[in-house]
Every structure is written in C-alpha cells, then in structure tokens.
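Chemist: Pasting entry-v1.cif below, which is mmCIF, C-alpha atoms.
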```cif
data_my_file
loop_
_atom_site.label_atom_id
_atom_site.label_comp_id
_atom_site.auth_asym_id
_atom_site.auth_seq_id
_atom_site.Cartn_x
_atom_site.Cartn_y
_atom_site.Cartn_z
CA MET A 1363 -24.51 -3.36 66.40
CA THR A 1364 -23.56 -6.39 68.47
CA GLN A 1365 -23.86 -5.76 72.19
CA GLN A 1366 -20.61 -6.30 74.08
CA PRO A 1367 -20.78 -8.85 76.91
CA HIS A 1368 -20.82 -7.51 80.45
CA THR A 1369 -17.50 -7.74 82.27
CA VAL A 1370 -18.41 -5.98 85.54
CA LEU A 1371 -21.27 -6.49 87.99
CA ILE A 1372 -21.74 -4.28 91.05
CA ASN A 1373 -24.17 -5.80 93.53
CA GLY A 1374 -25.40 -7.91 90.64
CA LYS A 1375 -26.07 -4.98 88.29
CA ALA A 1376 -24.24 -4.38 85.02
CA ASN A 1377 -24.94 -0.62 85.17
CA GLY A 1378 -24.00 -0.21 88.82
CA CYS A 1379 -21.54 2.36 90.14
CA ILE A 1380 -19.29 2.90 93.17
CA ALA A 1381 -19.77 6.03 95.29
CA ALA A 1382 -16.86 8.36 95.97
CA THR A 1383 -17.58 7.78 99.67
CA ASP A 1384 -17.08 4.02 99.37
CA ARG A 1385 -14.61 2.83 102.01
CA ALA A 1386 -12.82 0.52 99.58
CA PHE A 1387 -12.01 3.60 97.49
CA GLN A 1388 -11.18 5.81 100.47
CA PHE A 1389 -9.25 3.43 102.71
CA GLY A 1390 -8.83 0.08 100.98
CA ASP A 1391 -11.41 -1.17 103.48
CA GLY A 1392 -12.25 -4.56 102.06
CA CYS A 1393 -10.80 -7.68 100.48
CA PHE A 1394 -10.66 -9.58 97.21
CA THR A 1395 -9.94 -12.92 95.62
CA THR A 1396 -8.95 -13.86 92.07
CA ILE A 1397 -10.35 -17.02 90.48
CA ALA A 1398 -9.18 -18.97 87.46
CA VAL A 1399 -11.77 -20.03 84.91
CA VAL A 1400 -10.76 -23.25 83.14
CA LYS A 1401 -12.98 -24.84 80.49
CA GLY A 1402 -15.67 -22.40 81.51
CA GLN A 1403 -15.64 -23.50 85.16
CA LEU A 1404 -14.67 -21.57 88.30
CA GLN A 1405 -11.69 -23.27 89.93
CA LEU A 1406 -11.51 -23.82 93.70
CA TRP A 1407 -14.66 -21.80 94.35
CA PRO A 1408 -15.26 -23.27 97.86
CA LEU A 1409 -11.75 -22.19 98.94
CA HIS A 1410 -12.22 -18.71 97.46
CA TRP A 1411 -15.53 -18.29 99.30
CA GLN A 1412 -13.89 -19.51 102.50
CA ARG A 1413 -11.14 -16.91 102.02
CA LEU A 1414 -13.65 -14.09 101.54
CA ARG A 1415 -15.74 -15.20 104.51
CA GLU A 1416 -12.80 -15.56 106.90
CA THR A 1417 -11.19 -12.29 105.79
CA CYS A 1418 -14.44 -10.39 106.26
CA LYS A 1419 -14.84 -11.95 109.69
CA ARG A 1420 -11.38 -10.75 110.75
CA LEU A 1421 -12.09 -7.28 109.32
CA ALA A 1422 -15.53 -7.22 110.99
CA ILE A 1423 -17.29 -6.79 107.64
CA VAL A 1424 -20.78 -8.28 107.60
CA LEU A 1425 -20.90 -10.72 104.67
CA PRO A 1426 -24.43 -12.05 104.05
CA ASN A 1427 -24.59 -15.85 103.85
CA GLU A 1428 -26.65 -15.71 100.66
CA TRP A 1429 -23.72 -14.02 98.90
CA GLN A 1430 -22.00 -17.39 98.50
CA ALA A 1431 -24.62 -18.41 95.95
CA LEU A 1432 -25.03 -14.91 94.51
CA LEU A 1433 -21.31 -14.42 93.87
CA GLN A 1434 -21.02 -17.80 92.20
CA GLN A 1435 -24.04 -17.08 90.02
CA GLU A 1436 -22.74 -13.64 89.05
CA ALA A 1437 -19.28 -14.96 88.20
CA GLU A 1438 -20.76 -17.77 86.11
CA TYR A 1439 -23.04 -15.27 84.35
CA LEU A 1440 -20.04 -13.17 83.26
CA VAL A 1441 -18.27 -16.29 82.01
CA ARG A 1442 -21.33 -17.33 79.98
CA GLU A 1443 -21.82 -13.81 78.60
CA ALA A 1444 -18.23 -13.72 77.38
CA ARG A 1445 -18.36 -17.33 76.18
CA ALA A 1446 -15.04 -17.66 77.95
CA ASP A 1447 -13.24 -20.97 78.05
CA ALA A 1448 -10.36 -19.46 80.04
CA ALA A 1449 -10.62 -16.22 81.99
CA VAL A 1450 -9.99 -14.45 85.29
CA ILE A 1451 -12.78 -13.64 87.73
CA LYS A 1452 -12.03 -11.09 90.45
CA ILE A 1453 -14.37 -10.60 93.39
CA ILE A 1454 -14.03 -7.46 95.51
CA ILE A 1455 -15.84 -6.93 98.81
CA SER A 1456 -16.10 -3.40 100.22
CA ARG A 1457 -17.31 -2.61 103.72
CA GLY A 1458 -19.67 -0.13 102.10
CA SER A 1459 -20.16 3.58 101.61
CA GLY A 1460 -20.24 6.30 104.23
CA GLY A 1461 -18.26 8.54 106.52
CA ARG A 1462 -15.21 10.72 105.96
CA GLY A 1463 -12.93 9.42 108.71
CA TYR A 1464 -11.60 6.00 109.67
CA ALA A 1465 -14.38 5.22 112.15
CA VAL A 1466 -16.93 2.67 110.94
CA GLY A 1467 -20.44 4.04 111.17
CA ASN A 1468 -23.59 2.08 111.91
CA GLY A 1469 -25.73 0.59 109.20
CA LEU A 1470 -23.10 0.13 106.49
CA SER A 1471 -23.99 -2.44 103.84
CA ALA A 1472 -21.19 -4.36 102.16
CA ILE A 1473 -20.79 -4.01 98.39
CA ARG A 1474 -19.74 -6.80 96.04
CA VAL A 1475 -18.02 -6.32 92.70
CA VAL A 1476 -17.41 -9.14 90.22
CA THR A 1477 -15.22 -8.58 87.15
CA LEU A 1478 -14.06 -10.74 84.26
CA SER A 1479 -10.78 -10.30 82.36
CA GLU A 1480 -8.38 -12.25 80.18
CA VAL A 1481 -5.73 -14.62 81.50
CA PRO A 1482 -2.23 -13.06 81.25
CA ALA A 1483 -0.75 -14.36 77.99
CA HIS A 1484 2.67 -15.25 79.42
CA TYR A 1485 1.41 -17.55 82.19
CA GLN A 1486 1.37 -20.65 79.98
CA GLN A 1487 4.99 -20.04 78.96
CA TRP A 1488 5.92 -19.71 82.62
CA ARG A 1489 4.29 -23.04 83.35
CA ASP A 1490 6.07 -24.68 80.43
CA ASP A 1491 9.54 -23.16 80.85
CA GLY A 1492 9.75 -22.13 84.49
CA ILE A 1493 10.70 -18.68 85.76
CA GLU A 1494 13.68 -16.71 87.01
CA LEU A 1495 13.54 -14.84 90.31
CA ALA A 1496 15.64 -12.14 91.96
CA TRP A 1497 15.69 -10.79 95.51
CA ALA A 1498 13.57 -7.71 96.20
CA ASN A 1499 14.98 -4.69 97.98
CA LEU A 1500 11.65 -3.77 99.56
CA ALA A 1501 10.66 -5.79 102.63
CA LEU A 1502 7.09 -6.50 103.73
CA ALA A 1503 5.95 -4.86 106.95
CA GLN A 1504 4.92 -7.07 109.85
CA GLN A 1505 1.27 -6.88 110.88
CA PRO A 1506 0.00 -10.10 112.48
CA ALA A 1507 -3.59 -8.82 112.54
CA LEU A 1508 -3.63 -8.71 108.72
CA ALA A 1509 -1.05 -11.38 107.87
CA GLY A 1510 -2.29 -13.97 105.42
CA LEU A 1511 -5.27 -11.87 104.32
CA LYS A 1512 -5.81 -10.58 100.79
CA THR A 1513 -7.06 -7.14 101.73
CA LEU A 1514 -7.42 -4.26 99.29
CA ASN A 1515 -4.30 -2.61 100.74
CA ARG A 1516 -1.71 -3.74 98.17
CA LEU A 1517 0.66 -0.74 98.07
CA GLU A 1518 3.64 -2.91 98.96
CA GLN A 1519 2.95 -5.05 95.90
CA VAL A 1520 2.51 -1.94 93.74
CA LEU A 1521 5.95 -0.72 94.83
CA LEU A 1522 7.43 -4.18 94.29
CA LYS A 1523 6.03 -4.30 90.76
CA GLN A 1524 7.71 -0.95 90.08
CA GLU A 1525 10.95 -2.40 91.41
CA LEU A 1526 10.55 -5.45 89.17
CA LEU A 1527 10.49 -3.18 86.09
CA GLN A 1528 14.10 -2.27 86.87
CA ARG A 1529 15.22 -5.89 87.30
CA ASP A 1530 16.00 -8.68 84.85
CA ALA A 1531 13.66 -11.27 86.36
CA ASP A 1532 10.14 -12.64 86.01
CA ASP A 1533 9.22 -12.04 89.66
CA LEU A 1534 10.90 -11.03 92.92
CA LEU A 1535 11.48 -13.00 96.10
CA VAL A 1536 10.29 -10.89 99.02
CA CYS A 1537 11.33 -11.06 102.68
CA ASP A 1538 9.56 -9.49 105.62
CA SER A 1539 11.15 -6.82 107.80
CA ARG A 1540 12.72 -9.54 109.98
CA GLY A 1541 14.67 -10.74 106.94
CA LEU A 1542 12.70 -13.99 106.58
CA VAL A 1543 11.57 -15.36 103.21
CA CYS A 1544 7.87 -14.67 102.71
CA GLU A 1545 6.65 -15.01 99.10
CA THR A 1546 7.09 -13.54 95.64
CA ILE A 1547 5.20 -10.46 94.49
CA ILE A 1548 2.36 -12.54 93.07
CA ALA A 1549 2.74 -16.04 94.45
CA ASN A 1550 3.41 -18.33 97.37
CA ILE A 1551 6.57 -20.41 97.34
CA PHE A 1552 7.58 -23.98 98.17
CA TRP A 1553 11.01 -25.61 98.16
CA ARG A 1554 12.56 -29.04 98.67
CA ARG A 1555 15.77 -29.66 100.62
CA ALA A 1556 17.22 -33.02 101.64
CA GLY A 1557 14.01 -34.78 100.63
CA GLU A 1558 11.76 -32.51 102.72
CA TRP A 1559 9.33 -29.83 101.48
CA PHE A 1560 8.97 -26.39 103.05
CA THR A 1561 6.89 -23.22 102.71
CA PRO A 1562 7.11 -19.94 104.68
CA GLN A 1563 5.21 -19.26 107.85
CA LEU A 1564 2.86 -16.34 107.07
CA SER A 1565 1.85 -15.29 110.58
CA HIS A 1566 3.53 -11.87 110.39
CA ALA A 1567 3.31 -10.86 106.70
CA GLY A 1568 2.34 -12.18 103.29
CA ILE A 1569 -0.77 -13.64 101.68
CA ALA A 1570 -1.94 -17.20 102.28
CA GLY A 1571 -3.22 -18.18 98.84
CA VAL A 1572 -5.90 -20.74 98.08
CA VAL A 1573 -3.52 -22.90 96.02
CA ARG A 1574 -1.07 -22.91 98.95
CA GLN A 1575 -3.97 -24.04 101.13
CA GLN A 1576 -4.90 -26.77 98.65
CA ILE A 1577 -1.31 -28.05 98.49
CA LEU A 1578 -1.01 -28.12 102.27
CA GLN A 1579 -4.27 -30.07 102.53
CA HIS A 1580 -2.89 -32.70 100.14
CA ASN A 1581 0.57 -32.72 101.73
CA GLU A 1582 0.48 -32.72 105.51
CA HIS A 1583 4.21 -33.48 105.60
CA VAL A 1584 5.15 -30.01 104.24
CA HIS A 1585 7.01 -28.00 106.90
CA ILE A 1586 5.72 -24.46 107.51
CA VAL A 1587 8.81 -22.58 108.66
CA ASP A 1588 10.61 -19.32 109.26
CA ALA A 1589 13.54 -19.39 106.82
CA THR A 1590 16.33 -16.95 106.09
CA PRO A 1591 17.49 -16.42 102.49
CA GLN A 1592 20.63 -18.41 103.32
CA GLN A 1593 18.54 -21.39 104.45
CA PHE A 1594 16.21 -21.07 101.47
CA LEU A 1595 19.10 -21.03 98.98
CA LYS A 1596 20.07 -24.53 100.07
CA ALA A 1597 16.97 -25.76 98.22
CA GLU A 1598 17.22 -28.40 95.51
CA GLN A 1599 13.83 -27.61 93.93
CA VAL A 1600 11.58 -24.55 94.07
CA PHE A 1601 8.15 -23.72 92.71
CA VAL A 1602 5.71 -20.84 93.08
CA CYS A 1603 1.92 -21.01 92.99
CA ASN A 1604 -1.21 -18.94 92.88
CA ALA A 1605 -4.80 -19.34 91.70
CA LEU A 1606 -4.10 -18.19 88.14
CA LEU A 1607 -0.64 -19.65 87.61
CA GLY A 1608 -1.22 -23.01 89.19
CA LEU A 1609 2.21 -24.42 90.05
CA VAL A 1610 5.25 -23.01 88.24
CA PRO A 1611 8.85 -24.25 88.63
CA VAL A 1612 11.70 -21.86 89.38
CA ARG A 1613 14.70 -22.49 87.17
CA LYS A 1614 17.03 -19.80 88.55
CA ILE A 1615 17.42 -17.17 91.25
CA ALA A 1616 19.61 -14.36 89.96
CA ALA A 1617 22.56 -12.98 91.88
CA SER A 1618 21.23 -9.97 93.79
CA ASN A 1619 21.29 -8.27 97.19
CA GLY A 1620 24.57 -9.93 98.09
CA PHE A 1621 23.38 -13.47 97.29
CA GLN A 1622 24.98 -15.62 94.62
CA GLU A 1623 23.12 -16.98 91.62
CA ARG A 1624 21.37 -20.27 92.18
CA GLU A 1625 20.24 -22.58 89.37
CA PHE A 1626 17.93 -25.53 89.89
CA LYS A 1627 18.71 -28.57 87.76
CA GLU A 1628 15.89 -30.66 89.22
CA THR A 1629 12.59 -29.25 88.00
CA PRO A 1630 9.56 -30.69 89.84
CA TYR A 1631 7.50 -31.82 86.84
CA PRO A 1632 4.69 -32.53 86.46
CA LEU A 1633 3.11 -29.92 88.68
CA GLN A 1634 -0.63 -30.26 89.15
CA LEU A 1635 -2.92 -28.73 91.73
CA ASN A 1636 -3.34 -32.02 93.58
CA THR A 1637 0.34 -32.90 93.35
CA THR A 1638 1.67 -35.09 96.12
CA LEU A 1639 5.05 -33.62 96.99
CA GLU A 1640 7.63 -36.35 97.45
#
```
Go ahead and render the structure in this file as structure tokens.

Modeler:
Amino acid sequence: MTQQPHTVLINGKANGCIAATDRAFQFGDGCFTTIAVVKGQLQLWPLHWQRLRETCKRLAIVLPNEWQALLQQEAEYLVREARADAAVIKIIISRGSGGRGYAVGNGLSAIRVVTLSEVPAHYQQWRDDGIELAWANLALAQQPALAGLKTLNRLEQVLLKQELLQRDADDLLVCDSRGLVCETIIANIFWRRAGEWFTPQLSHAGIAGVVRQQILQHNEHVHIVDATPQQFLKAEQVFVCNALLGLVPVRKIAASNGFQEREFKETPYPLQLNTTLE
C-alpha cells in the first residue's frame, strides 16, 4: 500500500496532537497566516514570517527566533511530500497549553502547526473573469488593539460566510461598526477614483494582508483612507487581493442594503503582485 503524504505537522511531527487544554482551542489564543505555493515555492515567505512575528509580539506570545527557519523547512517538506506544484500552506501559532481561565500562566510554550491543502478550484476563474460583490449586513466590531491582525478569532468571518450563502454574490463588502468600508470577507480592497488609488484604513477593524502590504510597498502614492460606502461607490476601478487569490478585479457590486448596483467597465488588467498602480 502506498503511504499517503503528510499534510499536517505539529511542532514538526507528523503524528503530533493538540491537547484539549490548548489555548488556541479554548480561546482562539493565537494567530495564523495562509501562504500560496506556486511552482512548488512558498510565495512572500518573508512577509508571512513578519506577520507572524509582529502579531505574536502584540499578543505577547513568545515566538522563538529559530522558528523562522523551522517553519519554512516544515512547509517546504509538506510541499515536497505532496509533490505539489500549487497548494496552500497554513501556519497556526498557539500560545500553548494550560490553564482553564483567561489568565496566561507562567512557562507556556508556543505550539506551531503547519498544514497543506489544495488551492480552491474557483480562484483561477475569479482571476480570469472578475467577481461580483454585495454589501454585507453584518458589521465588523472596532478593536484597535487587534485591528490588522490575523488572530484565530474569526467568528465574524464565519457569520459573514453564512450570510454569503443567502446572497447572489461571490464575496461581500464589509463595513465596520462606524459604517466605513473595511474589506471583503476574504480579501483586502483597492479602488481608483479620478486617477487616484485608495485602500481602507485598518486601524479599528479588518485584517492587513501581506499582499496589501506588498502593493503598498510598490505604490507609495496609494491613499490609505476612511471611506463611506457612498464615497467608495464613486470608484472607476476596483480589485480585491489576498495571498491565495493574488489580485482579482471586481466587475460589479450588486444592489443591496439601500445602495444601487454599480458596474465597472474599466477592468484593471493585467494584475500582478508587483503591479504599479497608475
């Protein structure tokens, strides 16, 4: 019988397990990042490591420096085992195991989990054809201490995905509780108006993705703003982005939540990760 390739490593072990007392399981006490594998190579690994390191610092989780090399090696091992040309690597960091209540005890050791899975089949069609959005009913809560971070607490996104099942759209545009445009369920968003490019300020809610970071590094002229839906709907071009999708054009925003339908005739092709937005 042919042995199946490993798809999960826990602290580097294929036969590892997570304790019921683990704080990621009990409280969502940790963070994660999701990495695209293209032609067998991890994409944007330095930015993903930077995200994990900075998030753990803000959560006061001790992340050993040697984990940068270990995590890369473990992710690359799973890719080789699966002989994967294209795949998804997910890295989860837990504060560790111990304690019943919220208080963080002494001596906790962080736990790392690396998994490999397939790329969602519809993503290539989205890149080729663009997507349709609608406005979400659920608003994101404001929490500046956690804004921008990809923590394990994703219940808002779980509820939004349930809402999406009832809507005729590919993804939902989400505002925060102030009524300002924030992101979609799974992606950051950029738009062009009057020759200028914009993306939401994420200091109160939302996730600051690594592709957003990469785009901003290549395009210092992009304005990071607070924008209402009315201001956003004046856009001439819109695209969304995340680490797995890359950059995907928006072709239409459906009429919803009191806003009229908006179609975008100008599609910003070609969209590459190092695109200079003009």

Chemist: Evaluate the PyMOL selection byres ((chain A and resi 1440) around 8) on the structure here and hand back the selected residues as a tab-separated table (two decimals) with C-alpha atoms, in the coordinates of the input.

Modeler:
```tsv
chain	number	residue	atom	x	y	z
A	1367	PRO	CA	-20.78	-8.85	76.91
A	1368	HIS	CA	-20.82	-7.51	80.45
A	1369	THR	CA	-17.50	-7.74	82.27
A	1370	VAL	CA	-18.41	-5.98	85.54
A	1436	GLU	CA	-22.74	-13.64	89.05
A	1437	ALA	CA	-19.28	-14.96	88.20
A	1438	GLU	CA	-20.76	-17.77	86.11
A	1439	TYR	CA	-23.04	-15.27	84.35
A	1441	VAL	CA	-18.27	-16.29	82.01
A	1442	ARG	CA	-21.33	-17.33	79.98
A	1443	GLU	CA	-21.82	-13.81	78.60
A	1444	ALA	CA	-18.23	-13.72	77.38
A	1477	THR	CA	-15.22	-8.58	87.15
A	1478	LEU	CA	-14.06	-10.74	84.26
```

Chemist: Selected by the PyMOL selection byres ((chain A and resi 1420) around 12) in the shown coordinates: which residues, as a PyMOL selection string?

Modeler: chain A and resi 1392-1393+1413-1419+1421-1425+1506-1513

Chemist: Which residues match the PyMOL selection byres ((chain A and resi 1460) around 10) in the file above, as an MDAnalysis selection string?

Modeler: chainID A and resid 1381:1385 1388 1457:1459 1461:1463 1465:1471

Chemist: Restricting the calculation to all atoms listed in the file: of A:Leu1409, A:Ala1448, A:Ala1531, A:Leu1404, which residue gets closest to Val1572 in chain A?

Modeler: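 Looking at the shortest contact to Val1572 in chain A, the residue is A:Leu1409.
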
Chemist: Can you measure CA of Gln1575 in chain A to CA of Ile1397 in chain A for me? One decimal in Å is fine.

Modeler: 14.3 Å

Chemist: Within 7 Å of (2.0, -8.8, 90.4) (coordinates as in the file), grab all the protein and nucleic acid residues, counting all atoms listed in the file, and write them out as JSON, numbers by chain.

Modeler: {"A": [1519, 1523, 1547, 1548]}

Chemist: Within 6 Å of range 1608-1611 of chain A, which residues of range 1579-1604 of chain A come that close, and what is the closest atom pair and distance in Å for each? Count only C-alpha atoms and give it as JSON lines.

Modeler:
```
{"residue": "A:Phe1601", "atom": "CA", "partner": "A:Pro1611", "partner_atom": "CA", "distance": 4.2}
{"residue": "A:Val1602", "atom": "CA", "partner": "A:Val1610", "partner_atom": "CA", "distance": 5.3}
{"residue": "A:Cys1603", "atom": "CA", "partner": "A:Leu1609", "partner_atom": "CA", "distance": 4.5}
{"residue": "A:Asn1604", "atom": "CA", "partner": "A:Gly1608", "partner_atom": "CA", "distance": 5.5}
```

Chemist: Write out as a PDB file with C-alpha atoms, in the coordinates of the input which residues come within 8 Å of Leu1535 in chain A when counting all atoms listed in the file, dropping same-chain ones fewer than 3 positions away.

Modeler:
```pdb
ATOM      1  CA  LEU A1495      13.540 -14.840  90.310  1.00  0.00           C
ATOM      2  CA  ALA A1496      15.640 -12.140  91.960  1.00  0.00           C
ATOM      3  CA  TRP A1497      15.690 -10.790  95.510  1.00  0.00           C
ATOM      4  CA  ALA A1498      13.570  -7.710  96.200  1.00  0.00           C
ATOM      5  CA  VAL A1543      11.570 -15.360 103.210  1.00  0.00           C
ATOM      6  CA  CYS A1544       7.870 -14.670 102.710  1.00  0.00           C
ATOM      7  CA  GLU A1545       6.650 -15.010  99.100  1.00  0.00           C
ATOM      8  CA  THR A1546       7.090 -13.540  95.640  1.00  0.00           C
ATOM      9  CA  ILE A1547       5.200 -10.460  94.490  1.00  0.00           C
TER      10      ILE A1547
END
```

Chemist: When you look at Ala1589 in chain A with a cut-off of 8 Å (counting all atoms listed in the file), what residues show up, excluding the ones that are within fewer than 4 positions of it in the same chain? I need them as a ChimeraX atom specification.

Modeler: /A:1542-1543,1562,1593-1594

Chemist: CA of Lys1452 in chain A and CA of Thr1396 in chain A are how many Å apart?

Modeler: 4.4 Å

Chemist: Compare A:Ala1617, A:Leu1514, A:Ala1431, A:Ile1569 by their minimum atom-to-atom distance to Ser1456 in chain A, counting all atoms listed in the file, and give me the closest one.

Modeler: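 Closest to Ser1456 in chain A of all the choices is A:Leu1514.
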
Chemist: Can you list, as a list in words, every protein, DNA or RNA residue that comes within 12 Å of Thr1590 in chain A when you count all atoms listed in the file, leaving out same-chain residues fewer than 5 positions away?

Modeler: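 Everything that qualifies: Leu1535, Val1536, Cys1537, Asp1538, Ser1539, Arg1540, Gly1541, Leu1542, Val1543, Cys1544, Thr1561, Pro1562, Gln1563, Leu1595, Lys1596, Ala1597 and Phe1621 of chain A.
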
Chemist: Restricting the calculation to all atoms listed in the file: of A:Leu1432, A:Leu1527, A:Val1520, A:Ala1398, which residue gets closest to Val1481 in chain A?

Modeler: A:Ala1398

Chemist: Can you work out the spacing between CA of Ala1570 in chain A and CA of Ser1618 in chain A in Å, to one decimal?

Modeler: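 It comes out at 25.7 Å.
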